[in-house]
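Participant: So I've got this file, entry-v3.cif, and it contains mmCIF, C-alpha atoms:
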data_start
loop_
_atom_site.group_PDB
_atom_site.id
_atom_site.type_symbol
_atom_site.label_atom_id
_atom_site.label_comp_id
_atom_site.auth_asym_id
_atom_site.auth_seq_id
_atom_site.Cartn_x
_atom_site.Cartn_y
_atom_site.Cartn_z
ATOM 1 C CA MET A 1 111.876 147.063 31.748
ATOM 2 C CA LEU A 2 112.606 143.703 30.162
ATOM 3 C CA THR A 3 115.125 141.797 32.272
ATOM 4 C CA ARG A 4 115.887 138.521 30.474
ATOM 5 C CA ILE A 5 114.839 135.973 27.922
ATOM 6 C CA ASP A 6 112.384 134.052 30.096
ATOM 7 C CA HIS A 7 111.854 131.220 27.641
ATOM 8 C CA ILE A 8 111.681 130.134 24.056
ATOM 9 C CA GLY A 9 108.476 128.277 23.211
ATOM 10 C CA ILE A 10 108.830 125.274 20.918
ATOM 11 C CA ALA A 11 105.722 123.675 19.430
ATOM 12 C CA CYS A 12 105.826 119.897 19.059
ATOM 13 C CA PHE A 13 103.542 117.045 18.076
ATOM 14 C CA ASP A 14 104.713 114.645 20.807
ATOM 15 C CA LEU A 15 105.806 116.206 24.093
ATOM 16 C CA ASP A 16 107.296 113.019 25.542
ATOM 17 C CA LYS A 17 109.481 112.353 22.481
ATOM 18 C CA THR A 18 110.591 115.979 22.357
ATOM 19 C CA VAL A 19 111.472 116.017 26.065
ATOM 20 C CA GLU A 20 113.492 112.840 25.546
ATOM 21 C CA PHE A 21 115.382 114.451 22.643
ATOM 22 C CA TYR A 22 116.379 117.461 24.762
ATOM 23 C CA ARG A 23 117.311 115.196 27.683
ATOM 24 C CA ALA A 24 119.406 112.771 25.595
ATOM 25 C CA THR A 25 121.000 115.396 23.358
ATOM 26 C CA TYR A 26 121.656 118.307 25.725
ATOM 27 C CA GLY A 27 121.115 116.892 29.209
ATOM 28 C CA PHE A 28 118.201 119.251 29.942
ATOM 29 C CA GLU A 29 115.730 117.976 32.527
ATOM 30 C CA VAL A 30 112.076 118.873 33.052
ATOM 31 C CA PHE A 31 111.830 121.497 35.779
ATOM 32 C CA HIS A 32 108.037 121.802 35.621
ATOM 33 C CA SER A 33 105.193 120.305 33.601
ATOM 34 C CA GLU A 34 101.498 121.084 33.439
ATOM 35 C CA VAL A 35 98.387 121.146 31.285
ATOM 36 C CA ASN A 36 97.090 124.641 30.600
ATOM 37 C CA GLU A 37 93.420 124.106 29.727
ATOM 38 C CA GLU A 38 92.860 127.755 28.805
ATOM 39 C CA GLN A 39 95.677 127.655 26.226
ATOM 40 C CA GLY A 40 94.893 124.081 25.156
ATOM 41 C CA VAL A 41 98.437 122.777 25.681
ATOM 42 C CA ARG A 42 100.435 120.263 27.634
ATOM 43 C CA GLU A 43 103.843 121.692 28.378
ATOM 44 C CA ALA A 44 107.226 121.013 29.887
ATOM 45 C CA MET A 45 109.617 123.700 31.099
ATOM 46 C CA LEU A 46 113.278 122.726 30.773
ATOM 47 C CA LYS A 47 115.462 124.992 32.896
ATOM 48 C CA ILE A 48 118.570 126.201 31.107
ATOM 49 C CA ASN A 49 120.074 128.537 33.706
ATOM 50 C CA ASP A 50 119.399 130.964 36.532
ATOM 51 C CA THR A 51 119.538 134.687 35.800
ATOM 52 C CA SER A 52 120.933 137.667 37.692
ATOM 53 C CA ASP A 53 117.450 139.049 38.453
ATOM 54 C CA GLY A 54 116.417 135.948 40.410
ATOM 55 C CA GLY A 55 114.554 134.382 37.512
ATOM 56 C CA ALA A 56 115.629 131.704 35.085
ATOM 57 C CA SER A 57 115.707 130.921 31.382
ATOM 58 C CA TYR A 58 113.815 127.926 30.010
ATOM 59 C CA LEU A 59 112.827 126.057 26.901
ATOM 60 C CA GLN A 60 109.060 125.610 26.927
ATOM 61 C CA LEU A 61 107.902 122.590 24.959
ATOM 62 C CA LEU A 62 104.261 122.798 23.890
ATOM 63 C CA GLU A 63 101.989 119.999 22.676
ATOM 64 C CA PRO A 64 98.379 120.884 21.823
ATOM 65 C CA THR A 65 95.631 119.096 23.727
ATOM 66 C CA ARG A 66 92.883 120.056 21.300
ATOM 67 C CA GLU A 67 92.676 120.849 17.603
ATOM 68 C CA ASP A 68 91.270 124.359 18.079
ATOM 69 C CA SER A 69 94.173 125.578 20.236
ATOM 70 C CA THR A 70 96.498 128.258 18.924
ATOM 71 C CA VAL A 71 99.463 125.867 19.082
ATOM 72 C CA ALA A 72 97.588 123.142 17.134
ATOM 73 C CA LYS A 73 96.714 125.639 14.401
ATOM 74 C CA TRP A 74 100.304 126.877 14.320
ATOM 75 C CA LEU A 75 101.654 123.307 14.049
ATOM 76 C CA ALA A 76 99.245 122.505 11.207
ATOM 77 C CA LYS A 77 100.513 125.527 9.290
ATOM 78 C CA ASN A 78 104.219 125.523 10.203
ATOM 79 C CA GLY A 79 105.188 122.142 11.622
ATOM 80 C CA GLU A 80 107.370 121.726 14.685
ATOM 81 C CA GLY A 81 109.735 124.481 15.715
ATOM 82 C CA VAL A 82 110.158 127.787 17.500
ATOM 83 C CA HIS A 83 106.712 129.166 18.278
ATOM 84 C CA HIS A 84 107.525 132.271 20.338
ATOM 85 C CA ILE A 85 110.074 134.103 22.454
ATOM 86 C CA ALA A 86 109.226 135.359 25.927
ATOM 87 C CA PHE A 87 110.856 138.224 27.778
ATOM 88 C CA GLY A 88 110.752 138.493 31.556
ATOM 89 C CA THR A 89 109.633 141.662 33.283
ATOM 90 C CA ALA A 90 108.874 142.609 36.874
ATOM 91 C CA ASP A 91 105.530 144.152 35.820
ATOM 92 C CA VAL A 92 103.773 142.652 32.798
ATOM 93 C CA ASP A 93 100.920 145.171 33.062
ATOM 94 C CA ALA A 94 103.185 148.228 32.927
ATOM 95 C CA GLU A 95 105.431 146.733 30.236
ATOM 96 C CA ALA A 96 102.452 145.826 28.029
ATOM 97 C CA ALA A 97 100.986 149.327 28.432
ATOM 98 C CA ASP A 98 104.329 150.917 27.566
ATOM 99 C CA ILE A 99 104.789 148.763 24.472
ATOM 100 C CA LYS A 100 101.170 149.312 23.409
ATOM 101 C CA GLY A 101 101.851 153.052 23.651
ATOM 102 C CA LYS A 102 104.588 152.550 21.049
ATOM 103 C CA GLY A 103 102.060 151.174 18.563
ATOM 104 C CA VAL A 104 102.476 147.432 19.115
ATOM 105 C CA ARG A 105 99.270 145.427 19.450
ATOM 106 C CA VAL A 106 98.881 143.560 22.750
ATOM 107 C CA LEU A 107 96.789 140.426 22.249
ATOM 108 C CA TYR A 108 95.189 140.190 25.710
ATOM 109 C CA GLU A 109 93.262 143.042 27.312
ATOM 110 C CA GLU A 110 94.393 141.757 30.719
ATOM 111 C CA PRO A 111 97.334 139.414 31.389
ATOM 112 C CA ARG A 112 96.432 135.747 31.785
ATOM 113 C CA ARG A 113 97.803 132.870 33.827
ATOM 114 C CA GLY A 114 100.868 131.263 32.288
ATOM 115 C CA SER A 115 103.292 128.500 33.226
ATOM 116 C CA MET A 116 104.154 127.998 36.877
ATOM 117 C CA GLY A 117 101.634 130.636 37.996
ATOM 118 C CA SER A 118 103.170 133.441 35.933
ATOM 119 C CA ARG A 119 101.227 136.361 34.440
ATOM 120 C CA ILE A 120 101.532 136.684 30.663
ATOM 121 C CA THR A 121 100.443 138.548 27.589
ATOM 122 C CA PHE A 122 101.446 138.354 23.931
ATOM 123 C CA LEU A 123 102.397 140.945 21.331
ATOM 124 C CA HIS A 124 101.149 140.603 17.764
ATOM 125 C CA PRO A 125 103.779 138.987 15.527
ATOM 126 C CA LYS A 126 102.982 141.329 12.625
ATOM 127 C CA ASP A 127 104.095 144.229 14.832
ATOM 128 C CA CYS A 128 107.250 142.380 15.992
ATOM 129 C CA HIS A 129 108.860 141.498 12.638
ATOM 130 C CA GLY A 130 107.119 138.133 12.410
ATOM 131 C CA VAL A 131 107.943 136.972 15.944
ATOM 132 C CA LEU A 132 105.164 136.082 18.380
ATOM 133 C CA THR A 133 106.445 137.735 21.559
ATOM 134 C CA GLU A 134 105.329 136.978 25.093
ATOM 135 C CA LEU A 135 105.803 139.164 28.173
ATOM 136 C CA VAL A 136 106.111 137.257 31.468
ATOM 137 C CA THR A 137 106.060 138.193 35.124
ATOM 138 C CA SER A 138 107.168 135.048 36.929
ATOM 139 C CA ALA A 139 105.565 133.868 40.143
ATOM 140 C CA PRO A 140 108.021 133.100 42.932
ATOM 141 C CA VAL A 141 109.306 129.558 42.476
ATOM 142 C CA GLU A 142 109.963 127.664 45.692
ATOM 143 C CA SER A 143 110.467 124.153 44.403
ATOM 144 C CA PRO A 144 110.079 122.285 41.116
ATOM 145 C CA GLU A 145 106.722 120.693 40.369
ATOM 146 C CA HIS A 146 106.577 117.688 38.087
#
Mind turning the file's structure into structure tokens?
Facilitator:
Amino acid sequence: MLTRIDHIGIACFDLDKTVEFYRATYGFEVFHSEVNEEQGVREAMLKINDTSDGGASYLQLLEPTREDSTVAKWLAKNGEGVHHIAFGTADVDAEAADIKGKGVRVLYEEPRRGSMGSRITFLHPKDCHGVLTELVTSAPVESPEH
């Protein structure tokens, strides 16, 4: 079962400038930042609010670290903007299997490591009305990491 909007991923050319925009304009602060070598991105998670299931909702700002990353290719084609939407679930494996059984292509055979130690997979945008969709099982968060 999907329990919340975990985050909205926003692709950007300059992470620092984009973080500053969200800080100055909306007052959002960086809750967590990291470089995900596997995905080829540098990212910042801006916490928007806590949710009733113990999770939270975030904006995920993504800057590519290499030209062959998925986000770099997407930016070259589309420019800055909303890259994907992610839904939280208690069990990404079961949710992905259930959705795959409904005819939606799941992009990873096995979930991968995502932000803040989460487990993630993606659904093909052509099967989701043009929206790249991520499924996320969050790791327990004890304290912010910067």
Participant: I'd like the interatomic distance between CA of Arg42 (chain A) and CA of Glu63 (chain A), to a tenth of an Å.
Facilitator: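 Value for the CA of Arg42 (chain A)-CA of Glu63 (chain A) distance: 5.2 Å.
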Participant: Run through the PyMOL selection byres ((chain A and resi 6) around 7) on the given coordinates and return the selected residues as number ranges by chain.
Facilitator: A: 4-5, 7, 56-58, 86-88
Participant: Deliver the residues from the most recent selection as a file, using C-alpha atoms, as a JSON list (two decimals), keeping the file's coordinate frame.
Facilitator:
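And here is the file that came out, out.json:
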[["chain", "number", "residue", "atom", "x", "y", "z"],
["A", 4, "ARG", "CA", 115.89, 138.52, 30.47],
["A", 5, "ILE", "CA", 114.84, 135.97, 27.92],
["A", 7, "HIS", "CA", 111.85, 131.22, 27.64],
["A", 56, "ALA", "CA", 115.63, 131.70, 35.08],
["A", 57, "SER", "CA", 115.71, 130.92, 31.38],
["A", 58, "TYR", "CA", 113.82, 127.93, 30.01],
["A", 86, "ALA", "CA", 109.23, 135.36, 25.93],
["A", 87, "PHE", "CA", 110.86, 138.22, 27.78],
["A", 88, "GLY", "CA", 110.75, 138.49, 31.56]]
Participant: Just want the 12 Å neighbourhood of His129 (chain A), counted on all atoms listed in the file, with same-chain residues fewer than 5 positions away dropped. Output as a ChimeraX atom specification.
Facilitator: /A:104,123-124
Participant: Distance CA of Gly79 (chain A)-CA of Arg105 (chain A), one decimal place?
Facilitator: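 Interatomic distance here is 25.3 Å.
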Participant: Could you list, as a list in words, every residue matched by the PyMOL selection byres ((chain A and resi 121) around 9) in this structure?
Facilitator: Val92, Asp93, Ala96, Val106, Leu107, Tyr108, Glu109, Glu110, Pro111, Arg112, Arg113, Gly114, Arg119, Ile120, Phe122, Leu123, Thr133, Glu134, Leu135 and Val136 of chain A
Participant: So how many Å separate CA of Ser115 (chain A) and CA of Gly130 (chain A), to one decimal?
Facilitator: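 Taking CA of Ser115 (chain A) and CA of Gly130 (chain A), their separation equals 23.3 Å.
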Participant: For the structure shown, which residues end up in the PyMOL selection byres ((chain A and resi 9) around 9)? Put them as an NGL selection string, please?
Facilitator: :A and (7-8 or 10-11 or 58-62 or 81-86)
Participant: Compare A:Ala24, A:Ile99, A:Val30, A:Ala90 by their minimum atom-to-atom distance to Ser138 (chain A), counting all atoms listed in the file, and give me the closest one.
Facilitator: A:Ala90
Participant: Considering all atoms listed in the file, can you say which of A:Met1, A:Asp16, A:Asp50, A:Met116 comes closest to Ala94 (chain A)?
Facilitator: A:Met1
Participant: Every residue with an atom at most 7 Å from (120.4, 139.4, 35.3) (file coordinates; all atoms listed in the file) is what I'm after, so could you write them as a short mmCIF file (atom, residue, chain, number, x, y, z; two decimals) with C-alpha atoms, in the coordinates of the input?
Facilitator:
data_model
loop_
_atom_site.label_atom_id
_atom_site.label_comp_id
_atom_site.auth_asym_id
_atom_site.auth_seq_id
_atom_site.Cartn_x
_atom_site.Cartn_y
_atom_site.Cartn_z
CA THR A 3 115.12 141.80 32.27
CA ARG A 4 115.89 138.52 30.47
CA THR A 51 119.54 134.69 35.80
CA SER A 52 120.93 137.67 37.69
CA ASP A 53 117.45 139.05 38.45
#
Participant: Could you put an axis-aligned box around every listed atom of region 112-123 of chain A, padded by 3 Å on each side, and send me its centre and edge lengths in Å to one decimal, as lines of an AutoDock Vina configuration file?
Facilitator:
center_x = 100.3
center_y = 134.5
center_z = 29.7
size_x = 13.7
size_y = 18.9
size_z = 22.7
Participant: Which residue is closest to Thr65 (chain A)? Choose from A:Glu29, A:Glu80, A:Glu38, A:Asp91 and count all atoms listed in the file.
Facilitator: A:Glu38
Participant: Using all atoms listed in the file, what residues lie at most 6 Å away from (106.4, 132.9, 39.8) (file coordinates), given as a PDB file with C-alpha atoms, keeping the file's coordinate frame?
Facilitator:
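As written to disk, point01.pdb reads:
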ATOM      1  CA  GLY A 117     101.634 130.636  37.996  1.00  0.00           C
ATOM      2  CA  SER A 118     103.170 133.441  35.933  1.00  0.00           C
ATOM      3  CA  SER A 138     107.168 135.048  36.929  1.00  0.00           C
ATOM      4  CA  ALA A 139     105.565 133.868  40.143  1.00  0.00           C
ATOM      5  CA  PRO A 140     108.021 133.100  42.932  1.00  0.00           C
ATOM      6  CA  VAL A 141     109.306 129.558  42.476  1.00  0.00           C
TER       7      VAL A 141
END
Participant: In terms of the shortest atom-to-atom distance over all atoms listed in the file, which of A:Arg66, A:Lys73, A:Asp127, A:Ala97 is closest to Val41 (chain A)?
Facilitator: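 Residue with the minimum atom-to-atom distance to Val41 (chain A): A:Arg66.
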Participant: Is it possible to dump region 1-32 of chain A as a PDB file, in the first residue's frame, including just C-alpha atoms?
Facilitator:
ATOM      1  CA  MET A   1       0.000   0.000   0.000  1.00  0.00           C
ATOM      2  CA  LEU A   2       1.247   3.469  -0.865  1.00  0.00           C
ATOM      3  CA  THR A   3       1.172   5.679   2.224  1.00  0.00           C
ATOM      4  CA  ARG A   4       2.287   9.170   1.170  1.00  0.00           C
ATOM      5  CA  ILE A   5       4.059  11.318  -1.349  1.00  0.00           C
ATOM      6  CA  ASP A   6       7.610  10.694  -0.148  1.00  0.00           C
ATOM      7  CA  HIS A   7       9.213  13.322  -2.349  1.00  0.00           C
ATOM      8  CA  ILE A   8       9.155  15.186  -5.603  1.00  0.00           C
ATOM      9  CA  GLY A   9      12.464  15.043  -7.465  1.00  0.00           C
ATOM     10  CA  ILE A  10      13.577  18.253  -9.158  1.00  0.00           C
ATOM     11  CA  ALA A  11      16.491  18.173 -11.593  1.00  0.00           C
ATOM     12  CA  CYS A  12      18.758  21.220 -11.554  1.00  0.00           C
ATOM     13  CA  PHE A  13      22.007  22.400 -13.093  1.00  0.00           C
ATOM     14  CA  ASP A  14      23.379  24.021  -9.918  1.00  0.00           C
ATOM     15  CA  LEU A  15      22.392  22.414  -6.621  1.00  0.00           C
ATOM     16  CA  ASP A  16      23.723  25.221  -4.425  1.00  0.00           C
ATOM     17  CA  LYS A  17      21.817  27.940  -6.313  1.00  0.00           C
ATOM     18  CA  THR A  18      18.646  25.855  -6.317  1.00  0.00           C
ATOM     19  CA  VAL A  19      18.898  25.151  -2.580  1.00  0.00           C
ATOM     20  CA  GLU A  20      19.355  28.875  -1.979  1.00  0.00           C
ATOM     21  CA  PHE A  21      16.233  29.646  -4.042  1.00  0.00           C
ATOM     22  CA  TYR A  22      14.094  27.255  -1.981  1.00  0.00           C
ATOM     23  CA  ARG A  23      15.599  28.577   1.262  1.00  0.00           C
ATOM     24  CA  ALA A  24      15.130  32.271   0.387  1.00  0.00           C
ATOM     25  CA  THR A  25      11.733  31.893  -1.272  1.00  0.00           C
ATOM     26  CA  TYR A  26       9.966  29.304   0.891  1.00  0.00           C
ATOM     27  CA  GLY A  27      12.128  28.967   3.997  1.00  0.00           C
ATOM     28  CA  PHE A  28      12.899  25.287   3.316  1.00  0.00           C
ATOM     29  CA  GLU A  29      16.145  24.032   4.829  1.00  0.00           C
ATOM     30  CA  VAL A  30      18.342  21.109   3.799  1.00  0.00           C
ATOM     31  CA  PHE A  31      17.502  18.111   5.965  1.00  0.00           C
ATOM     32  CA  HIS A  32      20.012  15.775   4.308  1.00  0.00           C
TER      33      HIS A  32
END
